[in-house]
Amino acid sequence: MADTVKIKLVKGFAGRKKPQIATAYSLGLRKIGDVTEQPNNVATQGKLAKIIHLVEVLNK
């Protein structure tokens with residue numbers, strides 16, 4: 001498994017619930033097109049599971 005994972009926000013926050021928006025913000029994703037690199041651990045995988053419909057994982 002890779003040490004880090006790149007995540008890109010591909011959908012906006014309009015109509016999303018506050019916990020989903022907060023999860024995206026905690027990953028460093030603020031607006032569409034933002035890309036962030038996070039450690040590939042259990043916490044990050046859990047956050048991705050909550051907002052997988054909003055993001056694209058660039059490397060697995």
# chains A, B, ... in the order shown; residues from 1 in each chain; ligands from 1
$ residues_around --residues "region 34-44 of chain A" --least-positions-apart "2" --cutoff "6 Å" --atoms "only C-alpha atoms" --output "PyMOL selection string"
chain A and resi 3-9+29+31-32+46-47
$ select_by_dssp --residues "region 13-45 of chain A" --states "strand (DSSP E)" --output "NGL selection string"
:A and (35-39)
$ write_last_selection --atoms "N, CA, C and O atoms" --output "PDB file, in the first residue's frame"
ATOM      1  N   VAL A  35      -6.814  19.511  -4.890  1.00  0.00           N
ATOM      2  CA  VAL A  35      -6.158  18.213  -4.735  1.00  0.00           C
ATOM      3  C   VAL A  35      -5.337  18.259  -3.459  1.00  0.00           C
ATOM      4  O   VAL A  35      -4.638  19.237  -3.206  1.00  0.00           O
ATOM      5  N   THR A  36      -5.428  17.206  -2.676  1.00  0.00           N
ATOM      6  CA  THR A  36      -4.660  17.127  -1.445  1.00  0.00           C
ATOM      7  C   THR A  36      -4.033  15.750  -1.337  1.00  0.00           C
ATOM      8  O   THR A  36      -4.526  14.788  -1.915  1.00  0.00           O
ATOM      9  N   GLU A  37      -2.931  15.685  -0.635  1.00  0.00           N
ATOM     10  CA  GLU A  37      -2.248  14.421  -0.398  1.00  0.00           C
ATOM     11  C   GLU A  37      -2.317  14.138   1.099  1.00  0.00           C
ATOM     12  O   GLU A  37      -1.879  14.952   1.906  1.00  0.00           O
ATOM     13  N   GLN A  38      -2.891  12.996   1.444  1.00  0.00           N
ATOM     14  CA  GLN A  38      -3.111  12.622   2.837  1.00  0.00           C
ATOM     15  C   GLN A  38      -2.422  11.289   3.121  1.00  0.00           C
ATOM     16  O   GLN A  38      -2.231  10.485   2.211  1.00  0.00           O
ATOM     17  N   PRO A  39      -2.086  11.029   4.374  1.00  0.00           N
ATOM     18  CA  PRO A  39      -1.516   9.731   4.719  1.00  0.00           C
ATOM     19  C   PRO A  39      -2.557   8.636   4.500  1.00  0.00           C
ATOM     20  O   PRO A  39      -3.740   8.834   4.763  1.00  0.00           O
TER      21      PRO A  39
END
$ select_by_dssp --residues "region 14-59 of chain A" --states "alpha helix (DSSP H)" --output "PyMOL selection string"
chain A and resi 18-26+42-51
$ write_last_selection --atoms "N, CA, C and O atoms" --output "CSV table (one decimal), in the first residue's frame"
chain,number,residue,atom,x,y,z
A,18,LYS,N,-24.0,19.0,6.6
A,18,LYS,CA,-22.8,19.6,7.3
A,18,LYS,C,-21.7,18.6,7.6
A,18,LYS,O,-20.5,19.0,7.5
A,19,PRO,N,-22.0,17.4,8.1
A,19,PRO,CA,-20.9,16.5,8.4
A,19,PRO,C,-20.1,16.1,7.1
A,19,PRO,O,-18.8,15.9,7.2
A,20,GLN,N,-20.7,16.0,6.0
A,20,GLN,CA,-19.9,15.7,4.7
A,20,GLN,C,-19.0,16.9,4.4
A,20,GLN,O,-17.9,16.7,4.0
A,21,ILE,N,-19.5,18.1,4.5
A,21,ILE,CA,-18.7,19.3,4.2
A,21,ILE,C,-17.6,19.4,5.2
A,21,ILE,O,-16.4,19.7,4.8
A,22,ALA,N,-17.8,19.1,6.5
A,22,ALA,CA,-16.8,19.2,7.5
A,22,ALA,C,-15.7,18.1,7.2
A,22,ALA,O,-14.5,18.4,7.4
A,23,THR,N,-16.1,17.0,6.7
A,23,THR,CA,-15.2,15.9,6.4
A,23,THR,C,-14.3,16.3,5.3
A,23,THR,O,-13.0,16.1,5.3
A,24,ALA,N,-14.9,16.9,4.2
A,24,ALA,CA,-14.1,17.4,3.1
A,24,ALA,C,-13.1,18.5,3.6
A,24,ALA,O,-11.9,18.5,3.2
A,25,TYR,N,-13.5,19.4,4.4
A,25,TYR,CA,-12.7,20.5,4.9
A,25,TYR,C,-11.5,19.9,5.7
A,25,TYR,O,-10.4,20.4,5.7
A,26,SER,N,-11.8,18.8,6.5
A,26,SER,CA,-10.8,18.2,7.3
A,26,SER,C,-9.7,17.5,6.5
A,26,SER,O,-8.6,17.4,6.9
A,42,VAL,N,-6.1,4.4,8.4
A,42,VAL,CA,-7.5,4.0,8.7
A,42,VAL,C,-8.4,5.3,8.8
A,42,VAL,O,-9.5,5.3,8.3
A,43,ALA,N,-7.9,6.3,9.4
A,43,ALA,CA,-8.7,7.5,9.6
A,43,ALA,C,-9.0,8.2,8.2
A,43,ALA,O,-10.1,8.6,8.0
A,44,THR,N,-8.0,8.2,7.4
A,44,THR,CA,-8.3,8.8,6.0
A,44,THR,C,-9.2,7.9,5.2
A,44,THR,O,-10.1,8.5,4.5
A,45,GLN,N,-9.1,6.6,5.3
A,45,GLN,CA,-10.0,5.7,4.6
A,45,GLN,C,-11.4,5.9,5.1
A,45,GLN,O,-12.4,5.9,4.3
A,46,GLY,N,-11.6,6.1,6.4
A,46,GLY,CA,-13.0,6.3,6.9
A,46,GLY,C,-13.6,7.6,6.4
A,46,GLY,O,-14.7,7.7,6.1
A,47,LYS,N,-12.7,8.7,6.4
A,47,LYS,CA,-13.2,10.0,5.8
A,47,LYS,C,-13.6,9.8,4.4
A,47,LYS,O,-14.6,10.4,3.9
A,48,LEU,N,-12.8,9.1,3.6
A,48,LEU,CA,-13.1,8.9,2.2
A,48,LEU,C,-14.4,8.2,2.0
A,48,LEU,O,-15.2,8.5,1.1
A,49,ALA,N,-14.7,7.2,2.9
A,49,ALA,CA,-15.9,6.4,2.8
A,49,ALA,C,-17.1,7.3,2.9
A,49,ALA,O,-18.2,7.1,2.3
A,50,LYS,N,-17.0,8.4,3.7
A,50,LYS,CA,-18.1,9.3,4.0
A,50,LYS,C,-18.4,10.2,2.8
A,50,LYS,O,-19.5,10.6,2.6
A,51,ILE,N,-17.4,10.5,2.0
A,51,ILE,CA,-17.5,11.5,0.9
A,51,ILE,C,-17.1,11.0,-0.4
A,51,ILE,O,-16.7,11.7,-1.3
$ closest_residue --among "A:Leu54, A:Asn59, A:Leu27, A:Gly33" --to "Gly15 (chain A)" --atoms "only C-alpha atoms"
A:Leu54
